[in-house]
Each structure stands twice: as structure tokens, then as C-alpha cells.
>>> print(open('final_28.pdb').read())   # PDB, C-alpha atoms
ATOM      1  CA  MET A 246     -17.180 -24.998  -1.491
ATOM      2  CA  PHE A 247     -14.642 -23.983   1.134
ATOM      3  CA  HIS A 248     -14.106 -26.052   4.266
ATOM      4  CA  MET A 249     -13.568 -24.624   7.726
ATOM      5  CA  ILE A 250     -11.948 -21.306   6.882
ATOM      6  CA  ARG A 251     -12.047 -19.302  10.099
ATOM      7  CA  SER A 252     -11.653 -15.664  10.914
ATOM      8  CA  MET A 253      -9.463 -14.793  13.884
ATOM      9  CA  THR A 254     -12.055 -12.324  15.171
ATOM     10  CA  GLY A 255     -15.161 -13.402  17.007
ATOM     11  CA  PHE A 256     -17.186 -13.380  20.209
ATOM     12  CA  GLY A 257     -18.699 -16.077  22.372
ATOM     13  CA  SER A 258     -20.609 -15.937  25.634
ATOM     14  CA  ALA A 259     -22.311 -18.601  27.749
ATOM     15  CA  SER A 260     -23.544 -19.265  31.265
ATOM     16  CA  SER A 261     -23.970 -22.420  33.310
ATOM     17  CA  THR A 262     -25.922 -22.919  36.526
ATOM     18  CA  LYS A 263     -26.186 -25.702  39.104
ATOM     19  CA  GLY A 264     -28.180 -25.022  42.224
ATOM     20  CA  ASP A 265     -26.930 -21.795  43.765
ATOM     21  CA  LEU A 266     -23.748 -21.844  41.653
ATOM     22  CA  SER A 267     -23.571 -19.989  38.338
ATOM     23  CA  ALA A 268     -20.765 -18.863  36.044
ATOM     24  CA  THR A 269     -20.591 -16.757  32.895
ATOM     25  CA  VAL A 270     -17.694 -16.881  30.425
ATOM     26  CA  GLU A 271     -17.168 -14.268  27.706
ATOM     27  CA  LEU A 272     -14.589 -14.697  24.941
ATOM     28  CA  LYS A 273     -13.359 -12.078  22.485
ATOM     29  CA  SER A 274     -10.768 -12.996  19.849
ATOM     30  CA  VAL A 275      -8.675 -10.736  17.624
ATOM     31  CA  ASN A 276      -5.863 -11.105  15.078
ATOM     32  CA  TYR A 277      -2.536 -12.421  16.346
ATOM     33  CA  ARG A 278       0.398 -14.242  14.736
ATOM     34  CA  PHE A 279       0.272 -17.059  17.268
ATOM     35  CA  LYS A 280      -2.388 -18.311  19.698
ATOM     36  CA  GLU A 281      -2.796 -16.896  23.159
ATOM     37  CA  VAL A 282      -5.435 -16.627  25.881
ATOM     38  CA  ASN A 283      -5.460 -13.730  28.331
ATOM     39  CA  ALA A 284      -7.739 -14.586  31.259
ATOM     40  CA  ARG A 285      -9.336 -12.132  33.656
ATOM     41  CA  LEU A 286     -10.630 -14.030  36.669
ATOM     42  CA  PRO A 287     -11.740 -13.188  40.200
ATOM     43  CA  ARG A 288      -8.677 -13.521  42.413
ATOM     44  CA  PRO A 289     -10.025 -16.547  44.357
ATOM     45  CA  LEU A 290     -10.402 -18.445  41.075
ATOM     46  CA  LEU A 291      -6.902 -17.980  39.713
ATOM     47  CA  TYR A 292      -6.258 -21.672  40.366
ATOM     48  CA  VAL A 293      -8.586 -22.614  37.456
ATOM     49  CA  GLU A 294      -6.823 -20.303  34.973
ATOM     50  CA  ASP A 295      -4.591 -22.950  33.366
ATOM     51  CA  LYS A 296      -7.474 -25.400  32.884
ATOM     52  CA  LEU A 297      -9.617 -22.690  31.319
ATOM     53  CA  LYS A 298      -6.850 -21.673  28.941
ATOM     54  CA  GLN A 299      -6.322 -25.270  27.821
ATOM     55  CA  THR A 300     -10.042 -25.638  27.167
ATOM     56  CA  ILE A 301      -9.962 -22.624  24.838
ATOM     57  CA  LEU A 302      -6.631 -23.401  23.147
ATOM     58  CA  GLN A 303      -7.872 -26.828  22.081
ATOM     59  CA  HIS A 304     -10.285 -25.108  19.701
ATOM     60  CA  ILE A 305      -8.165 -22.387  18.079
ATOM     61  CA  GLN A 306      -5.001 -22.360  15.966
ATOM     62  CA  ARG A 307      -4.265 -18.634  15.787
ATOM     63  CA  GLY A 308      -5.511 -15.471  17.442
ATOM     64  CA  ARG A 309      -5.490 -13.721  20.815
ATOM     65  CA  VAL A 310      -8.478 -14.533  23.015
ATOM     66  CA  GLU A 311      -9.588 -12.374  25.935
ATOM     67  CA  LEU A 312     -11.428 -14.445  28.558
ATOM     68  CA  PHE A 313     -13.712 -12.858  31.166
ATOM     69  CA  LEU A 314     -15.181 -14.958  33.988
ATOM     70  CA  THR A 315     -17.857 -13.924  36.463
ATOM     71  CA  VAL A 316     -19.334 -16.219  39.102
ATOM     72  CA  ASN A 317     -22.228 -16.026  41.526
ATOM     73  CA  SER A 318     -21.099 -17.855  44.629
ATOM     74  CA  ASP A 319     -20.461 -17.033  48.264
ATOM     75  CA  ALA A 320     -18.163 -20.006  48.621
ATOM     76  CA  LEU A 321     -15.118 -18.466  46.936
ATOM     77  CA  ILE A 322     -13.415 -17.236  50.113
ATOM     78  CA  LYS A 323     -13.528 -18.395  53.724
ATOM     79  CA  ARG A 324     -12.715 -15.559  56.115
ATOM     80  CA  SER A 325     -11.597 -15.974  59.743
ATOM     81  CA  LEU A 326     -10.521 -13.564  62.466
ATOM     82  CA  ASN A 327      -7.054 -13.971  63.955
ATOM     83  CA  ILE A 328      -6.230 -12.214  67.218
ATOM     84  CA  ASP A 329      -2.747 -11.820  68.630
ATOM     85  CA  TRP A 330      -3.639 -12.605  72.235
ATOM     86  CA  GLU A 331      -0.143 -12.090  73.619
ATOM     87  CA  LEU A 332       0.031  -8.602  72.144
ATOM     88  CA  LEU A 333      -3.511  -7.891  73.368
ATOM     89  CA  ASP A 334      -2.514  -8.950  76.906
ATOM     90  CA  GLU A 335       0.232  -6.336  76.820
ATOM     91  CA  TYR A 336      -2.198  -3.671  75.606
ATOM     92  CA  VAL A 337      -4.692  -4.495  78.388
ATOM     93  CA  SER A 338      -1.942  -4.574  81.022
ATOM     94  CA  ALA A 339      -0.627  -1.223  79.818
ATOM     95  CA  ALA A 340      -4.154   0.227  79.895
ATOM     96  CA  ARG A 341      -4.621  -0.812  83.504
ATOM     97  CA  VAL A 342      -1.256   0.667  84.522
ATOM     98  CA  MET A 343      -2.157   3.936  82.809
ATOM     99  CA  LYS A 344      -5.549   3.984  84.631
ATOM    100  CA  GLU A 345      -3.917   3.597  88.055
ATOM    101  CA  ARG A 346      -0.967   5.906  87.361
ATOM    102  CA  TYR A 347      -3.074   8.757  86.041
ATOM    103  CA  SER A 348      -6.249   8.099  88.066
ATOM    104  CA  LEU A 349      -8.313   7.615  84.927
ATOM    105  CA  ALA A 350     -12.005   6.955  85.419
ATOM    106  CA  ALA A 351     -12.841   5.196  82.172
ATOM    107  CA  GLU A 352     -12.393   1.471  81.828
ATOM    108  CA  PRO A 353     -10.798   0.240  78.575
ATOM    109  CA  ASP A 354     -13.468  -0.922  76.128
ATOM    110  CA  ALA A 355     -12.942  -4.176  74.228
ATOM    111  CA  MET A 356     -13.893  -2.610  70.877
ATOM    112  CA  ASP A 357     -11.167   0.009  71.303
ATOM    113  CA  PHE A 358      -8.501  -2.655  70.942
ATOM    114  CA  PHE A 359      -9.658  -3.546  67.429
ATOM    115  CA  LYS A 360      -8.433  -0.129  66.351
ATOM    116  CA  PHE A 361      -4.844  -0.971  67.165
ATOM    117  CA  GLU A 362      -2.606  -2.345  64.437
ATOM    118  CA  HIS A 363      -1.689  -6.034  64.501
ATOM    119  CA  ILE A 364      -4.216  -6.949  67.224
ATOM    120  CA  ALA A 365      -6.889  -8.358  64.931
ATOM    121  CA  GLN A 366      -6.407  -9.490  61.342
ATOM    122  CA  ILE A 367      -8.791 -11.088  58.891
ATOM    123  CA  HIS A 368      -7.425 -14.207  57.234
ATOM    124  CA  GLU A 369      -8.785 -15.130  53.795
ATOM    125  CA  GLU A 370      -8.571 -18.681  52.486
ATOM    126  CA  GLN A 371      -9.419 -19.505  48.923
ATOM    127  CA  MET A 372     -11.894 -22.360  48.795
ATOM    128  CA  ARG A 373     -11.834 -24.971  46.056
ATOM    129  CA  ASP A 374     -15.235 -26.181  44.966
ATOM    130  CA  ASP A 375     -15.410 -29.090  42.509
ATOM    131  CA  LYS A 376     -19.015 -28.301  41.584
ATOM    132  CA  LEU A 377     -18.134 -24.679  40.870
ATOM    133  CA  GLU A 378     -15.197 -25.787  38.697
ATOM    134  CA  GLU A 379     -17.566 -28.005  36.721
ATOM    135  CA  VAL A 380     -19.985 -25.116  36.207
ATOM    136  CA  ILE A 381     -17.137 -22.884  34.994
ATOM    137  CA  ARG A 382     -15.856 -25.576  32.604
ATOM    138  CA  GLU A 383     -19.314 -26.081  31.098
ATOM    139  CA  ALA A 384     -19.722 -22.337  30.560
ATOM    140  CA  ALA A 385     -16.271 -22.146  28.932
ATOM    141  CA  GLU A 386     -17.011 -25.025  26.531
ATOM    142  CA  LEU A 387     -20.316 -23.472  25.468
ATOM    143  CA  ALA A 388     -18.682 -20.051  25.018
ATOM    144  CA  VAL A 389     -15.799 -21.381  22.895
ATOM    145  CA  LYS A 390     -18.286 -23.289  20.697
ATOM    146  CA  GLU A 391     -20.161 -20.044  20.064
ATOM    147  CA  LEU A 392     -16.850 -18.279  19.409
ATOM    148  CA  CYS A 393     -15.792 -20.920  16.855
ATOM    149  CA  ASP A 394     -19.194 -20.821  15.141
ATOM    150  CA  MET A 395     -18.864 -17.063  14.701
ATOM    151  CA  ARG A 396     -15.268 -17.374  13.485
ATOM    152  CA  GLU A 397     -16.344 -19.955  10.906
ATOM    153  CA  LYS A 398     -19.218 -17.780   9.714
ATOM    154  CA  GLU A 399     -16.879 -14.804   9.330
ATOM    155  CA  GLY A 400     -14.320 -17.110   7.678
ATOM    156  CA  ARG A 401     -16.767 -18.115   4.941
ATOM    157  CA  LEU A 402     -17.370 -14.459   4.132
ATOM    158  CA  LEU A 403     -13.614 -13.807   4.063
ATOM    159  CA  ALA A 404     -13.055 -16.738   1.696
ATOM    160  CA  GLU A 405     -15.795 -15.557  -0.665
ATOM    161  CA  ASP A 406     -14.272 -12.094  -0.758
ATOM    162  CA  CYS A 407     -10.791 -13.525  -1.388
ATOM    163  CA  PHE A 408     -12.083 -15.507  -4.370
ATOM    164  CA  LEU A 409     -13.547 -12.306  -5.827
ATOM    165  CA  HIS A 410     -10.220 -10.495  -5.465
ATOM    166  CA  ILE A 411      -8.372 -13.393  -7.137
ATOM    167  CA  GLU A 412     -10.829 -13.291 -10.063
ATOM    168  CA  ARG A 413     -10.238  -9.566 -10.404
ATOM    169  CA  LEU A 414      -6.459 -10.073 -10.361
ATOM    170  CA  GLU A 415      -6.732 -12.754 -13.041
ATOM    171  CA  THR A 416      -8.665 -10.377 -15.276
ATOM    172  CA  LEU A 417      -6.121  -7.602 -14.748
ATOM    173  CA  SER A 418      -3.151  -9.909 -15.397
ATOM    174  CA  GLU A 419      -4.718 -11.027 -18.708
ATOM    175  CA  GLN A 420      -5.189  -7.389 -19.687
ATOM    176  CA  VAL A 421      -1.556  -6.689 -18.827
ATOM    177  CA  LYS A 422      -0.442  -9.666 -20.927
ATOM    178  CA  GLU A 423      -2.458  -8.514 -23.946
ATOM    179  CA  ARG A 424      -1.258  -4.949 -23.615
ATOM    180  CA  ALA A 425       2.386  -6.052 -23.283
ATOM    181  CA  SER A 426       2.236  -7.765 -26.692
ATOM    182  CA  ALA A 427       0.769  -4.646 -28.292
ATOM    183  CA  VAL A 428       3.435  -2.423 -26.718
ATOM    184  CA  VAL A 429       6.268  -4.208 -28.542
ATOM    185  CA  ILE A 430       4.462  -3.836 -31.888
ATOM    186  CA  GLN A 431       3.791  -0.130 -31.241
ATOM    187  CA  TYR A 432       7.415   0.407 -30.218
ATOM    188  CA  ARG A 433       8.598  -1.140 -33.492
ATOM    189  CA  GLU A 434       6.274   1.123 -35.483
ATOM    190  CA  ARG A 435       7.441   4.262 -33.636
ATOM    191  CA  LEU A 436      11.086   3.282 -33.955
ATOM    192  CA  TYR A 437      10.634   2.571 -37.671
ATOM    193  CA  ALA A 438       9.059   6.003 -38.202
ATOM    194  CA  ARG A 439      11.847   7.787 -36.319
ATOM    195  CA  MET A 440      14.626   5.933 -38.132
ATOM    196  CA  LYS A 441      12.977   6.718 -41.459
ATOM    197  CA  GLU A 442      12.759  10.365 -40.479
ATOM    198  CA  TRP A 443      16.420  10.526 -39.433
ATOM    199  CA  THR A 444      17.918   8.933 -42.511
ATOM    200  CA  GLU A 445      17.530   9.631 -46.185
ATOM    201  CA  ASP A 446      19.081   6.324 -47.145
ATOM    202  CA  ALA A 447      17.566   2.904 -46.922
ATOM    203  CA  LEU A 448      16.670   1.779 -43.398
ATOM    204  CA  ASP A 449      19.051  -0.508 -41.600
ATOM    205  CA  GLU A 450      16.620  -3.385 -41.092
ATOM    206  CA  SER A 451      19.044  -5.382 -38.931
ATOM    207  CA  ARG A 452      19.446  -2.454 -36.534
ATOM    208  CA  LEU A 453      15.667  -2.083 -36.308
ATOM    209  CA  ILE A 454      15.288  -5.763 -35.497
ATOM    210  CA  THR A 455      18.072  -5.592 -32.905
ATOM    211  CA  GLU A 456      16.574  -2.548 -31.150
ATOM    212  CA  CYS A 457      13.120  -4.137 -31.056
ATOM    213  CA  ALA A 458      14.583  -7.369 -29.691
ATOM    214  CA  ILE A 459      16.405  -5.493 -26.919
ATOM    215  CA  PHE A 460      13.237  -3.608 -26.005
ATOM    216  CA  ALA A 461      11.139  -6.779 -26.047
ATOM    217  CA  ASP A 462      13.622  -8.609 -23.845
ATOM    218  CA  ARG A 463      13.908  -5.746 -21.375
ATOM    219  CA  SER A 464      10.119  -5.404 -21.039
ATOM    220  CA  ASP A 465       9.253  -9.101 -21.201
ATOM    221  CA  ILE A 466       6.885 -10.075 -18.382
ATOM    222  CA  THR A 467       6.125 -13.641 -19.470
ATOM    223  CA  GLU A 468       7.715 -15.176 -16.368
ATOM    224  CA  GLU A 469       5.905 -12.799 -14.032
ATOM    225  CA  ILE A 470       2.528 -13.545 -15.650
ATOM    226  CA  THR A 471       3.225 -17.304 -15.456
ATOM    227  CA  ARG A 472       4.099 -17.069 -11.764
ATOM    228  CA  LEU A 473       0.996 -14.976 -11.098
ATOM    229  CA  LYS A 474      -1.189 -17.649 -12.682
ATOM    230  CA  SER A 475       0.521 -20.295 -10.552
ATOM    231  CA  HIS A 476      -0.077 -18.238  -7.402
ATOM    232  CA  PHE A 477      -3.758 -17.820  -8.289
ATOM    233  CA  VAL A 478      -4.146 -21.593  -8.574
ATOM    234  CA  GLN A 479      -2.330 -22.173  -5.269
ATOM    235  CA  PHE A 480      -4.409 -19.521  -3.541
ATOM    236  CA  ARG A 481      -7.664 -21.184  -4.600
ATOM    237  CA  ASP A 482      -6.424 -24.651  -3.655
ATOM    238  CA  ILE A 483      -5.377 -23.494  -0.190
ATOM    239  CA  LEU A 484      -8.724 -21.806   0.415
ATOM    240  CA  LYS A 485     -10.564 -24.972  -0.590
ATOM    241  CA  GLU A 486      -8.247 -27.038   1.594
ATOM    242  CA  GLY A 487      -9.387 -25.052   4.624
ATOM    243  CA  GLY A 488      -8.016 -25.177   8.151
ATOM    244  CA  ALA A 489      -5.500 -22.757   9.649
ATOM    245  CA  VAL A 490      -4.161 -21.476   6.316
ATOM    246  CA  GLY A 491      -3.723 -17.782   7.109
ATOM    247  CA  ARG A 492       0.090 -17.877   7.115
ATOM    248  CA  LYS A 493       0.256 -19.713   3.773
ATOM    249  CA  LEU A 494      -2.107 -17.212   2.192
ATOM    250  CA  ASP A 495      -0.183 -14.292   3.664
ATOM    251  CA  PHE A 496       3.001 -15.614   2.047
ATOM    252  CA  LEU A 497       1.247 -15.934  -1.331
ATOM    253  CA  VAL A 498      -0.045 -12.367  -1.068
ATOM    254  CA  GLN A 499       3.544 -11.194  -0.593
ATOM    255  CA  GLU A 500       4.539 -13.125  -3.731
ATOM    256  CA  LEU A 501       1.659 -11.589  -5.695
ATOM    257  CA  ASN A 502       2.800  -8.145  -4.642
ATOM    258  CA  ARG A 503       6.397  -8.958  -5.640
ATOM    259  CA  GLU A 504       5.347 -10.000  -9.157
ATOM    260  CA  ALA A 505       3.150  -6.919  -9.565
ATOM    261  CA  ASN A 506       6.050  -4.676  -8.534
ATOM    262  CA  THR A 507       8.349  -6.372 -11.065
ATOM    263  CA  ILE A 508       5.803  -5.913 -13.855
ATOM    264  CA  GLY A 509       5.448  -2.267 -12.864
ATOM    265  CA  SER A 510       9.214  -1.725 -12.997
ATOM    266  CA  LYS A 511       9.368  -3.269 -16.497
ATOM    267  CA  ALA A 512       6.380  -1.369 -17.809
ATOM    268  CA  ASN A 513       7.118   1.026 -20.648
ATOM    269  CA  ASP A 514       3.507   1.904 -21.156
ATOM    270  CA  HIS A 515       1.011   4.141 -19.402
ATOM    271  CA  GLN A 516      -1.844   1.626 -19.698
ATOM    272  CA  ILE A 517       0.210  -1.197 -18.166
ATOM    273  CA  THR A 518       1.231   1.094 -15.316
ATOM    274  CA  LYS A 519      -2.428   1.917 -14.724
ATOM    275  CA  LEU A 520      -3.346  -1.780 -14.709
ATOM    276  CA  VAL A 521      -0.528  -2.541 -12.238
ATOM    277  CA  VAL A 522      -1.846   0.169  -9.902
ATOM    278  CA  GLU A 523      -5.251  -1.543  -9.997
ATOM    279  CA  MET A 524      -3.585  -4.911  -9.333
ATOM    280  CA  LYS A 525      -1.742  -3.577  -6.306
ATOM    281  CA  SER A 526      -4.978  -2.076  -4.989
ATOM    282  CA  SER A 527      -6.691  -5.477  -5.252
ATOM    283  CA  ILE A 528      -3.681  -7.192  -3.648
ATOM    284  CA  GLU A 529      -3.821  -4.749  -0.744
ATOM    285  CA  LYS A 530      -7.516  -5.523  -0.215
ATOM    286  CA  LEU A 531      -6.721  -9.223  -0.428
ATOM    287  CA  LYS A 532      -3.978  -8.781   2.169
ATOM    288  CA  GLU A 533      -6.391  -7.104   4.585
ATOM    289  CA  GLN A 534      -8.765 -10.063   4.343
ATOM    290  CA  VAL A 535      -6.021 -12.696   4.575
ATOM    291  CA  GLN A 536      -4.668 -11.136   7.763
ATOM    292  CA  ASN A 537      -8.018 -11.933   9.394
ATOM    293  CA  ILE A 538      -7.865 -15.634   8.480
ATOM    294  CA  GLU A 539      -6.775 -18.113  11.144
TER     295      GLU A 539
END
>>> encode(input="final_28.pdb", output="C-alpha cells")
Amino acid sequence: MFHMIRSMTGFGSASSTKGDLSATVELKSVNYRFKEVNARLPRPLLYVEDKLKQTILQHIQRGRVELFLTVNSDALIKRSLNIDWELLDEYVSAARVMKERYSLAAEPDAMDFFKFEHIAQIHEEQMRDDKLEEVIREAAELAVKELCDMREKEGRLLAEDCFLHIERLETLSEQVKERASAVVIQYRERLYARMKEWTEDALDESRLITECAIFADRSDITEEITRLKSHFVQFRDILKEGGAVGRKLDFLVQELNREANTIGSKANDHQITKLVVEMKSSIEKLKEQVQNIE
């Protein structure tokens, strides 16, 4: 069985309520080389951003997490009205002078002065509420637990699929190995027939042996097959080890692809080439799954 393989994609959502205070936290995670939390909070709650991020980062090793916070509270902002009385005195004094100078009948109305710039301004003060912070923290912890549960569930499916791809690659590599041995024998038979056709004298056996040896050496894939087998073992061991192993597995996938390419370049046979194409297809599918692993 595999232990704690996690996907980097997942979703978690939770709410917490105390009295008239309530908060909802939503988390969405996607693939990312490192770990990062992008938080979207109401402006009055920006002061809790760092604490929220630390709460989430404690539970993940890789991936980008989008955090959305909504709260139901009227205590986020305290608003107050500020009036510039000195400036207002000048406005009122000027209004009275204009009334006398131009014999105006209307008296200045108090509400008219609110229309003038800089007379009245609304001051907003962000309020810190310990109870609200506690509600938000509880919602975040519940949401990240749900996120991790989903990532682990997806991780188990990814691991199972990876094992299937490794089994398929093992089968293909064995077929390549068997075919490679047959290719050398067939080459010797074809070369023997051609040399016999070209000469009326006795065949130069030493030349035949030399040519076959050169061909066998040039097309030898023993080392590549050995390294592939080693990579398969490592891949399984790492999956069973569990944890944040995505980078290790990604490196091994690159090595698998390198060996497959080398075998393909050495191939002097249509069947081996076909098998290598199938191997590279399986490696590509394996790569897609590995890139989702934390």
C-alpha cells in the first residue's frame, strides 16, 4: 500500500459561527513547483492575511492555493464624520457677505455645505476583533483539512495509475530486450546470405564474425535496459515511501525518457522502434500524472 501520496489539486470549504459572527473559507489548490498561498480577503481583514497563510502552509508541501474569505459581521469598520470647522466658518461667513452684498433673500442651508469639497469627510477605522479572528481561524483549519483529505484521495488514484504505467513499461522493456537478441541473429543470417551471394569462393568466416560483432556492439542496449529496470524499482520504492515525492518522481520520468530515446536511436529494427514509441507514450502519460503529485 502507498502512504500519503497527495495530489496538488483539490478543494476545501468550511464555515464557523459564534454568536452573530460567521466566516467562510474556500481553498482551491493547483499544480505549482513550490508552495504558495494567494489570499483574497475583505480589505478590513488584511491584517489577518499572514496568519491565514501560515495556517495553510503548515499543511502543504507543494502547490498554489487560492484562499477566499467571506465574513458576516458589521464590526469590520468603524466610520466617523470629520468636519473641518475652520473651513466651514469661512464658507458661512462668505455666504453671509454674499447675502448682504447682493440682497439675497435665501438663507444658507446647513445641508448645502455638505456638498462642498473638504468640508465633511468620512473616516474609516479598521476594527480588530479577537472573536472574529478566532472564527476565521477555525474556518481555515476545517477548510484546509478538507483540502488535504481531497488531495490524499486524488493522490491514491494517481499512485495506482502510476503503478499501472510502470508495469506496462516493464512489459515493453522485456519485449524490447527479447527482440534485440533476435535482431542480431537475423542480421547475421541476412549478412551470411548476402556474402554468399556476392562471392563464389568460400565465405570469409572471420569477416562475418567481425561484421556481426560490430553490429551487435553498435545496437547493444543492455545498459539501457538495466538502467530502466533500476528506475522502475526506484519509482515503486518512492511511491511506497510517500510524502512530497513529486520532484523525485519527475526526475525519474526524465531518466526513463532518456533511456527510451537512447534505445530508439540504437534500434535497427522496425519492431523495436514500434515498441519504443509505445514506451514513450506510456512515459508521457506517467509524466502527466507525476506532475500532479505533491
>>> residues_around(input="final_28.pdb", residues="A:Ser527", least_positions_apart="6", cutoff="8 Å", atoms="all atoms listed in the file", output="list in words")
His410, Arg413 and Leu414 of chain A
>>> residues_near_point(input="final_28.pdb", point="(10.4, -7.5, -11.8)", cutoff="10 Å", atoms="only C-alpha atoms", output="PyMOL selection string")
chain A and resi 464-466+468-469+503-512
>>> resolve_selection(input="final_28.pdb", expression="the PyMOL selection byres ((chain A and resi 313) around 9)", output="ChimeraX atom specification")
/A:269-273,283-286,311-312,314-315
>>> write_last_selection(input="final_28.pdb", atoms="C-alpha atoms", output="PDB file, in the coordinates of the input")
ATOM      1  CA  THR A 269     -20.591 -16.757  32.895  1.00  0.00           C
ATOM      2  CA  VAL A 270     -17.694 -16.881  30.425  1.00  0.00           C
ATOM      3  CA  GLU A 271     -17.168 -14.268  27.706  1.00  0.00           C
ATOM      4  CA  LEU A 272     -14.589 -14.697  24.941  1.00  0.00           C
ATOM      5  CA  LYS A 273     -13.359 -12.078  22.485  1.00  0.00           C
ATOM      6  CA  ASN A 283      -5.460 -13.730  28.331  1.00  0.00           C
ATOM      7  CA  ALA A 284      -7.739 -14.586  31.259  1.00  0.00           C
ATOM      8  CA  ARG A 285      -9.336 -12.132  33.656  1.00  0.00           C
ATOM      9  CA  LEU A 286     -10.630 -14.030  36.669  1.00  0.00           C
ATOM     10  CA  GLU A 311      -9.588 -12.374  25.935  1.00  0.00           C
ATOM     11  CA  LEU A 312     -11.428 -14.445  28.558  1.00  0.00           C
ATOM     12  CA  LEU A 314     -15.181 -14.958  33.988  1.00  0.00           C
ATOM     13  CA  THR A 315     -17.857 -13.924  36.463  1.00  0.00           C
TER      14      THR A 315
END
>>> closest_residue(input="final_28.pdb", among="A:Lys474, A:Lys323, A:Lys280, A:His515", to="A:Thr416", atoms="all atoms listed in the file")
A:Lys474
>>> residues_around(input="final_28.pdb", residues="A:Lys519", least_positions_apart="2", cutoff="12 Å", atoms="only C-alpha atoms", output="VMD selection string")
chain A and resid 417 to 418 420 to 421 424 505 508 to 509 512 to 517 521 to 526
>>> residues_around(input="final_28.pdb", residues="A:Asn317", least_positions_apart="5", cutoff="12 Å", atoms="only C-alpha atoms", output="count of residues only")
14
>>> closest_residue(input="final_28.pdb", among="A:Arg341, A:His363, A:Lys485, A:Arg309", to="A:Leu326", atoms="all atoms listed in the file")
A:His363
>>> atom_distance(input="final_28.pdb", atom1="atom CA of A:Met253", atom2="atom CA of A:Glu415")
27.1 Å
>>> residues_near_point(input="final_28.pdb", point="(-5.9, -21.4, 8.3)", cutoff="7 Å", atoms="all atoms listed in the file", output="PyMOL selection string")
chain A and resi 250-251+487-491+538-539
>>> closest_residue(input="final_28.pdb", among="A:Gln479, A:Asn537, A:Thr518, A:Thr467", to="A:Gly255", atoms="all atoms listed in the file")
A:Asn537
>>> atom_distance(input="final_28.pdb", atom1="atom CA of A:Arg382", atom2="atom CA of A:Arg278")
26.7 Å
>>> resolve_selection(input="final_28.pdb", expression="the PyMOL selection byres ((chain A and resi 367) around 12)", output="JSON, numbers by chain")
{"A": [322, 323, 324, 325, 326, 327, 328, 329, 359, 363, 364, 365, 366, 368, 369, 370]}
>>> resolve_selection(input="final_28.pdb", expression="the PyMOL selection byres ((chain A and resi 476) around 12)", output="number ranges by chain")
A: 411, 414-415, 418, 469-475, 477-483, 493-505
>>> residues_around(input="final_28.pdb", residues="A:Phe361", least_positions_apart="4", cutoff="10 Å", atoms="all atoms listed in the file", output="ChimeraX atom specification")
/A:333,336,356-357,365
>>> write_last_selection(input="final_28.pdb", atoms="C-alpha atoms", output="PDB file, keeping the file's coordinate frame")
ATOM      1  CA  LEU A 333      -3.511  -7.891  73.368  1.00  0.00           C
ATOM      2  CA  TYR A 336      -2.198  -3.671  75.606  1.00  0.00           C
ATOM      3  CA  MET A 356     -13.893  -2.610  70.877  1.00  0.00           C
ATOM      4  CA  ASP A 357     -11.167   0.009  71.303  1.00  0.00           C
ATOM      5  CA  ALA A 365      -6.889  -8.358  64.931  1.00  0.00           C
TER       6      ALA A 365
END
>>> atom_distance(input="final_28.pdb", atom1="atom CA of A:Ala339", atom2="atom CA of A:Asp354")
13.4 Å
>>> closest_residue(input="final_28.pdb", among="A:Pro289, A:Gly257, A:Ala404, A:Glu378", to="A:Ile301", atoms="all atoms listed in the file")
A:Gly257
>>> closest_residue(input="final_28.pdb", among="A:Val316, A:Leu484, A:Leu290, A:Ala350", to="A:Leu403", atoms="only C-alpha atoms")
A:Leu484
